[in-house]
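Below is the file start.txt, which contains compact mmCIF, C-alpha atoms.
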# COMPACT_ATOMS: atom_id res chain seq x y z
CA MET F 1 161.65 156.20 184.49
CA GLN F 2 158.68 158.56 184.46
CA THR F 3 157.89 160.57 187.59
CA GLY F 4 154.10 160.17 187.69
CA TRP F 5 153.22 163.39 185.92
CA THR F 6 150.38 163.67 183.39
CA ALA F 7 149.63 165.66 180.25
CA GLN F 8 147.21 167.76 182.29
CA ARG F 9 149.86 168.61 184.86
CA TRP F 10 152.43 169.55 182.22
CA THR F 11 149.79 171.72 180.57
CA GLU F 12 149.25 173.53 183.88
CA VAL F 13 153.01 174.05 184.25
CA PHE F 14 153.20 175.43 180.72
CA ALA F 15 150.43 177.94 181.40
CA GLU F 16 152.09 179.11 184.61
CA GLN F 17 155.59 179.41 183.11
CA ALA F 18 154.30 181.02 179.91
CA ASP F 19 152.50 183.68 181.92
CA MET F 20 155.70 184.55 183.80
CA PHE F 21 157.71 184.57 180.57
CA ARG F 22 155.25 186.85 178.78
CA LYS F 23 155.08 189.32 181.65
CA ALA F 24 158.87 189.48 181.89
CA VAL F 25 159.53 190.09 178.19
CA GLY F 26 156.58 192.49 177.94
CA ASP F 27 158.20 194.81 180.46
CA ALA F 28 161.75 194.48 179.09
CA ASP F 29 163.90 196.08 176.41
CA LEU F 30 164.08 193.33 173.80
CA ALA F 31 167.52 194.53 172.70
CA THR F 32 168.93 193.37 176.07
CA ASP F 33 171.54 190.62 175.85
CA VAL F 34 170.46 187.32 177.42
CA SER F 35 172.82 186.58 180.30
CA THR F 36 172.47 182.80 180.01
CA ARG F 37 172.79 182.53 176.20
CA VAL F 38 175.85 184.17 174.63
CA GLY F 39 174.97 186.04 171.46
CA TRP F 40 171.20 186.12 172.06
CA THR F 41 169.06 189.15 172.78
CA LEU F 42 165.66 188.97 174.45
CA GLN F 43 164.15 189.46 170.99
CA ASP F 44 166.00 186.33 169.80
CA LEU F 45 164.63 184.50 172.82
CA VAL F 46 161.06 185.62 172.12
CA VAL F 47 161.27 184.50 168.49
CA HIS F 48 162.85 181.19 169.52
CA VAL F 49 160.05 180.45 171.97
CA ALA F 50 157.39 181.33 169.40
CA ARG F 51 158.98 179.13 166.72
CA PHE F 52 159.45 176.28 169.17
CA LEU F 53 155.81 176.44 170.20
CA GLU F 54 154.63 176.57 166.59
CA THR F 55 156.76 173.52 165.76
CA ALA F 56 155.93 171.49 168.87
CA THR F 57 152.21 172.14 168.90
CA GLY F 58 152.15 171.32 165.19
CA TYR F 59 152.68 167.66 166.09
CA LEU F 60 149.87 167.74 168.62
CA ARG F 61 147.55 169.59 166.25
CA THR F 62 148.16 167.36 163.21
CA GLY F 63 149.09 164.05 164.81
CA SER F 64 151.94 163.79 162.29
CA ARG F 65 153.83 160.49 162.50
CA VAL F 66 156.80 161.92 160.59
CA GLN F 67 159.12 164.81 161.37
CA LEU F 68 157.86 168.21 160.23
CA GLY F 69 160.01 171.00 158.83
CA PRO F 70 160.58 174.16 160.88
CA PRO F 71 158.04 176.95 160.32
CA PRO F 72 159.17 180.20 158.69
CA VAL F 73 159.34 183.29 160.85
CA PRO F 74 156.37 185.48 159.85
CA GLY F 75 157.60 188.80 158.52
CA SER F 76 154.32 190.60 159.07
CA LEU F 77 154.26 190.25 162.87
CA THR F 78 156.37 191.82 165.58
CA PRO F 79 158.21 189.32 167.83
CA LEU F 80 155.69 189.84 170.65
CA GLU F 81 152.73 189.49 168.28
CA TYR F 82 154.22 186.22 167.01
CA LEU F 83 154.76 185.04 170.58
CA ASP F 84 151.20 185.92 171.60
CA LEU F 85 149.81 184.05 168.60
CA GLN F 86 151.71 180.89 169.55
CA LEU F 87 150.98 181.16 173.28
CA THR F 88 147.27 181.37 172.49
CA ALA F 89 147.49 178.37 170.17
CA ALA F 90 149.43 176.32 172.74
CA ASN F 91 146.94 177.13 175.50
CA GLU F 92 144.17 175.80 173.23
CA ILE F 93 145.97 172.75 171.81
CA LEU F 94 147.69 171.32 174.88
CA PRO F 95 144.57 170.59 176.96
CA ALA F 96 142.68 169.32 173.90
CA VAL F 97 145.11 166.52 172.99
CA PRO F 98 145.22 163.33 175.10
CA GLY F 99 148.66 162.22 176.22
CA ASN F 100 148.30 158.78 174.60
CA ARG F 101 147.73 160.12 171.07
CA PRO F 102 150.30 158.59 168.63
CA VAL F 103 152.61 161.25 167.18
CA TRP F 104 156.22 161.63 166.03
CA THR F 105 158.64 162.48 168.83
CA PHE F 106 162.23 163.63 168.78
CA SER F 107 164.18 161.09 170.81
CA PRO F 108 165.04 157.42 170.20
CA ALA F 109 164.43 156.84 173.91
CA ALA F 110 160.90 158.29 173.92
CA PRO F 111 157.63 156.64 172.88
CA ASP F 112 155.81 158.18 169.92
CA LEU F 113 153.05 159.57 172.13
CA ALA F 114 151.74 163.09 172.64
CA TRP F 115 152.65 163.32 176.32
CA VAL F 116 156.32 163.54 175.31
CA TRP F 117 155.48 166.88 173.67
CA HIS F 118 153.35 168.03 176.62
CA ARG F 119 156.39 167.43 178.81
CA ARG F 120 158.89 169.02 176.41
CA ILE F 121 156.75 172.13 175.98
CA ALA F 122 156.37 172.53 179.75
CA HIS F 123 160.09 172.27 180.39
CA GLU F 124 161.15 174.39 177.42
CA MET F 125 158.89 177.12 178.77
CA THR F 126 160.37 176.68 182.26
CA LEU F 127 163.91 176.97 180.88
CA ARG F 128 163.10 180.10 178.86
CA ARG F 129 161.32 181.69 181.81
CA PHE F 130 164.54 181.09 183.75
CA ASP F 131 166.58 182.70 180.94
CA VAL F 132 164.58 185.91 180.86
CA GLN F 133 164.20 186.21 184.62
CA ALA F 134 167.92 185.58 185.16
CA THR F 135 168.70 188.26 182.58
CA LEU F 136 166.42 190.77 184.30
CA ARG F 137 167.54 189.68 187.81
CA GLN F 138 163.96 188.77 188.70
CA LEU F 139 164.51 185.04 189.15
CA VAL F 140 161.89 183.07 191.06
CA PRO F 141 162.54 179.56 192.42
CA THR F 142 161.66 176.38 190.55
CA SER F 143 159.95 173.80 192.76
CA ALA F 144 161.89 170.64 193.58
CA ASP F 145 159.04 168.56 192.16
CA LEU F 146 159.13 170.31 188.79
CA ALA F 147 162.93 170.21 188.76
CA ALA F 148 162.92 166.46 189.44
CA ASP F 149 160.61 165.86 186.50
CA GLY F 150 162.89 168.04 184.38
CA ILE F 151 165.93 166.00 185.44
CA ASP F 152 164.07 162.85 184.46
CA GLU F 153 163.21 164.30 181.04
CA VAL F 154 166.84 165.18 180.39
CA LEU F 155 168.21 161.82 181.46
CA THR F 156 165.54 159.60 179.87
CA THR F 157 164.86 161.58 176.69
CA ILE F 158 167.06 164.59 175.91
CA VAL F 159 170.46 162.93 176.39
CA ALA F 160 169.49 160.17 173.97
CA ALA F 161 168.32 162.78 171.44
CA LYS F 162 171.65 164.61 171.84
CA LEU F 163 173.59 161.40 171.18
CA ASP F 164 171.40 160.46 168.19
CA SER F 165 173.45 162.34 165.62
CA ASP F 166 175.94 161.81 162.82
CA VAL F 167 178.76 161.85 165.39
CA PRO F 168 179.13 158.38 166.94
CA ASN F 169 178.50 158.16 170.67
CA THR F 170 181.69 156.97 172.36
CA ALA F 171 180.61 157.51 175.97
CA SER F 172 180.99 154.46 178.17
CA GLY F 173 180.30 153.98 181.87
CA VAL F 174 177.72 154.80 184.52
CA ALA F 175 176.61 158.20 185.78
CA VAL F 176 174.58 158.60 188.97
CA VAL F 177 172.46 161.71 189.50
CA ARG F 178 171.19 162.05 193.06
CA PRO F 179 169.23 165.12 194.19
CA ALA F 180 169.30 165.81 197.90
CA ASP F 181 165.74 167.06 198.33
CA VAL F 182 163.55 164.62 196.36
CA PRO F 183 163.25 160.81 196.57
CA GLU F 184 164.13 160.21 192.91
CA SER F 185 167.65 159.33 191.79
CA TRP F 186 169.00 158.06 188.47
CA HIS F 187 171.51 155.45 187.27
CA VAL F 188 172.43 156.13 183.63
CA ALA F 189 174.49 153.49 181.81
CA PHE F 190 176.26 154.50 178.59
CA SER F 191 177.60 152.14 175.90
CA PRO F 192 179.14 153.34 172.61
CA GLY F 193 176.53 153.65 169.89
CA GLU F 194 173.64 152.63 172.17
CA VAL F 195 170.70 154.47 173.69
CA PRO F 196 171.54 155.09 177.37
CA GLU F 197 169.84 152.76 179.85
CA VAL F 198 168.21 154.65 182.72
CA ARG F 199 166.84 153.23 185.96
CA ALA F 200 166.47 154.28 189.58
CA ALA F 201 169.75 154.40 191.46
CA ALA F 202 169.89 152.25 194.57
CA PRO F 203 170.81 153.87 197.90
CA GLY F 204 174.57 154.22 198.11
CA GLU F 205 175.06 153.11 194.50
CA GLU F 206 178.01 154.80 192.81
CA GLY F 207 179.07 155.26 189.21
CA ASP F 208 182.01 156.40 187.09
CA ALA F 209 180.60 159.92 187.40
CA SER F 210 178.24 161.39 189.93
CA VAL F 211 176.29 164.60 190.46
CA SER F 212 174.44 165.61 193.60
CA GLY F 213 172.75 168.65 195.11
CA GLU F 214 169.34 170.25 195.27
CA ALA F 215 167.02 169.26 192.41
CA GLU F 216 166.66 172.83 191.14
CA LEU F 217 170.43 173.26 190.92
CA LEU F 218 170.90 169.91 189.14
CA TYR F 219 168.09 170.70 186.71
CA TYR F 220 169.68 173.93 185.56
CA TRP F 221 173.18 172.43 185.64
CA LEU F 222 172.03 169.74 183.18
CA TRP F 223 170.80 172.55 180.92
CA ASN F 224 174.15 174.35 181.32
CA ARG F 225 172.60 177.28 183.15
CA MET F 226 174.31 176.87 186.54
CA THR F 227 177.66 175.64 187.82
CA ILE F 228 178.08 173.18 190.67
CA ASN F 229 180.99 171.85 192.68
CA THR F 230 179.39 168.47 193.40
CA ALA F 231 180.05 166.84 190.02
CA SER F 232 182.87 164.31 190.06
CA GLY F 233 184.28 161.42 188.08
CA ASP F 234 184.61 160.77 184.34
CA PRO F 235 184.60 164.19 182.62
CA GLN F 236 183.29 162.72 179.34
CA LEU F 237 180.20 161.35 181.09
CA LEU F 238 179.62 164.65 182.86
CA GLN F 239 179.85 166.45 179.52
CA VAL F 240 177.34 164.10 177.93
CA LEU F 241 174.86 164.73 180.75
CA GLN F 242 174.87 168.48 180.08
CA VAL F 243 172.51 169.08 177.18
CA GLY F 244 172.10 172.85 177.17
CA LYS F 245 175.13 174.00 175.17
CA GLY F 246 173.78 176.09 172.31
CA HIS F 247 170.21 175.64 173.56
Could you render the structure from this file as structure tokens?
Amino acid sequence: MQTGWTAQRWTEVFAEQADMFRKAVGDADLATDVSTRVGWTLQDLVVHVARFLETATGYLRTGSRVQLGPPPVPGSLTPLEYLDLQLTAANEILPAVPGNRPVWTFSPAAPDLAWVWHRRIAHEMTLRRFDVQATLRQLVPTSADLAADGIDEVLTTIVAAKLDSDVPNTASGVAVVRPADVPESWHVAFSPGEVPEVRAAAPGEEGDASVSGEAELLYYWLWNRMTINTASGDPQLLQVLQVGKGH
């Protein structure tokens, strides 16, 4: 259930979010603890973003059809130098690669096409911009439109990747996610051992678990960054929907 976005639009989001992230960490003490990630400092966050970008853009740059190993952290660069190197590379690679280029992707629910990485890179950057701005108490709003696309990515791609592990998926039932301020809504059906089936939720349709609220709030709740009091129903399904623990 894609929301009509394009590789070009995700590239524009990345550039905007990356600029905010870089300005925030550039003015901060990198020894500061990250408020949204227990055990991380801002330096850890900077290195994580740089390594993520190097890994993700590696698929776009090479067109690899198989999973690549993680890159080593360069010992000769400071964290900000490493970040700047990868931000520059991403700003060059993202607009140069068409969204329909075949490439390995990370989720059993996603097609092996480059736009999946364009989208993942845009939303990873949005999430990390949130982390640093929340830590520094300089948080700016995330648009409902961007949040809705992020919700769709989580429900159609990230949840399936989370469940695709050595631990068998035992979740069973239907979860409905219904933002209050955008037209999109989601019906997610879980069966043990299967990739979740996602479609648009009909008006008034209910499930074994449900979550509602503004799109921005739901987006960050799914990534385990915010708490809400509008989640109800099967606690196992609600736990499966939240993908941000340890991320």
- Item | Residue nearest Pro141 (chain F) - candidates F:Gln67, F:Ser185, F:Gln17, F:Thr170, atoms counted: all atoms listed in the file | F:Gln17
- Item | Within 10 Å of Ala15 (chain F) using only C-alpha atoms, minus same-chain residues under 5 positions, as a PyMOL selection string | chain F and resi 9-10+20-21+87+90-91+94+122+125
Residue selection dump (C-alpha atoms) as an mmCIF file, keeping the file's coordinate frame:
data_model
loop_
_atom_site.group_PDB
_atom_site.id
_atom_site.type_symbol
_atom_site.label_atom_id
_atom_site.label_comp_id
_atom_site.auth_asym_id
_atom_site.auth_seq_id
_atom_site.Cartn_x
_atom_site.Cartn_y
_atom_site.Cartn_z
ATOM 1 C CA ARG F 9 149.860 168.610 184.860
ATOM 2 C CA TRP F 10 152.430 169.550 182.220
ATOM 3 C CA MET F 20 155.700 184.550 183.800
ATOM 4 C CA PHE F 21 157.710 184.570 180.570
ATOM 5 C CA LEU F 87 150.980 181.160 173.280
ATOM 6 C CA ALA F 90 149.430 176.320 172.740
ATOM 7 C CA ASN F 91 146.940 177.130 175.500
ATOM 8 C CA LEU F 94 147.690 171.320 174.880
ATOM 9 C CA ALA F 122 156.370 172.530 179.750
ATOM 10 C CA MET F 125 158.890 177.120 178.770
#
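Around Asp145 (chain F), within 12 Å and counting only C-alpha atoms, the residues found are Thr3, Gly4, Trp5, Arg9, Trp10, Val13, Ile151, Asp152, Pro179, Asp181, Val182, Pro183, Glu184, Glu214, Ala215, Glu216 and Tyr219 of chain F, once anything fewer than 6 positions away on its own chain is removed.
Summary of the local environment: counting only C-alpha atoms, residues at most 8 Å from region 95-111 of chain F, other than itself and those fewer than 5 positions away along its chain, are F:Thr6, F:Ala7, F:Gln8, F:Thr11, F:Tyr59, F:Leu60, F:Arg61, F:Gly63, F:Ser64, F:Arg65, F:Val66, F:Gln67, F:Val116, F:Trp117, F:His118, F:Thr156, F:Thr157, F:Ile158, F:Ala160, F:Ala161, F:Asp164, F:Val195.
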- Note on the structure: Taken to one decimal, the CA of Val34 (chain F)-CA of Leu222 (chain F) distance is 18.6 Å
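Between CA of Gly233 (chain F) and CA of Val174 (chain F) the interatomic distance comes to 10.0 Å.
Each of F:Thr55, F:Gln138, F:Ser76, F:Asn224 was checked against Arg37 (chain F) using all atoms listed in the file; the smallest atom-to-atom distance is that of F:Asn224.
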- Task: In Å, rounded to a single decimal, give me how far CA of Gln133 (chain F) is from CA of Val38 (chain F).
- Result: 15.5 Å
- Message: Please determine, counting only C-alpha atoms, which residue among F:Val49, F:Glu206, F:Thr36, F:Gln236 has the shortest atom-to-atom distance to Arg137 (chain F).
- Response: F:Thr36
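Using all atoms listed in the file, the residues found no farther than 9 Å from Leu241 (chain F), other than those of its own chain fewer than 6 positions away, are Val154, Leu155, Val159, Ala175, Leu222 and Trp223 of chain F.
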- Item | Using all atoms listed in the file: which of F:Phe52, F:Ala231, F:His247, F:Asp27 has the shortest distance to Gly39 (chain F) | F:His247
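Nearest residue to Glu153 (chain F), choosing from F:Trp186, F:Leu77, F:Ala180, F:Gly173 and counting all atoms listed in the file: F:Trp186.
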Write out as AutoDock Vina command-line options an axis-aligned box for region 184-188 of chain F: all of its atoms listed in the file, 8 Å added on each side, centre and edge lengths in Å with one decimal.
--center_x 168.3 --center_y 157.8 --center_z 188.3 --size_x 24.3 --size_y 20.8 --size_z 25.3
- Query: So which residues fall inside 12 Å of (154.2, 183.6, 161.8) if we count all atoms listed in the file? Mind giving them as a ChimeraX atom specification?
  - Reply: /F:47-48,50-55,70-86,89
Would you write out those residues with C-alpha atoms, as a compact mmCIF listing (two decimals), keeping the file's coordinate frame?
# COMPACT_ATOMS: atom_id res chain seq x y z
CA VAL F 47 161.27 184.50 168.49
CA HIS F 48 162.85 181.19 169.52
CA ALA F 50 157.39 181.33 169.40
CA ARG F 51 158.98 179.13 166.72
CA PHE F 52 159.45 176.28 169.17
CA LEU F 53 155.81 176.44 170.20
CA GLU F 54 154.63 176.57 166.59
CA THR F 55 156.76 173.52 165.76
CA PRO F 70 160.58 174.16 160.88
CA PRO F 71 158.04 176.95 160.32
CA PRO F 72 159.17 180.20 158.69
CA VAL F 73 159.34 183.29 160.85
CA PRO F 74 156.37 185.48 159.85
CA GLY F 75 157.60 188.80 158.52
CA SER F 76 154.32 190.60 159.07
CA LEU F 77 154.26 190.25 162.87
CA THR F 78 156.37 191.82 165.58
CA PRO F 79 158.21 189.32 167.83
CA LEU F 80 155.69 189.84 170.65
CA GLU F 81 152.73 189.49 168.28
CA TYR F 82 154.22 186.22 167.01
CA LEU F 83 154.76 185.04 170.58
CA ASP F 84 151.20 185.92 171.60
CA LEU F 85 149.81 184.05 168.60
CA GLN F 86 151.71 180.89 169.55
CA ALA F 89 147.49 178.37 170.17
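Using all atoms listed in the file for every distance, the candidate list F:Asn169, F:Leu238, F:Arg129, F:Asp149 yields F:Arg129 as the residue closest to Asp19 (chain F).
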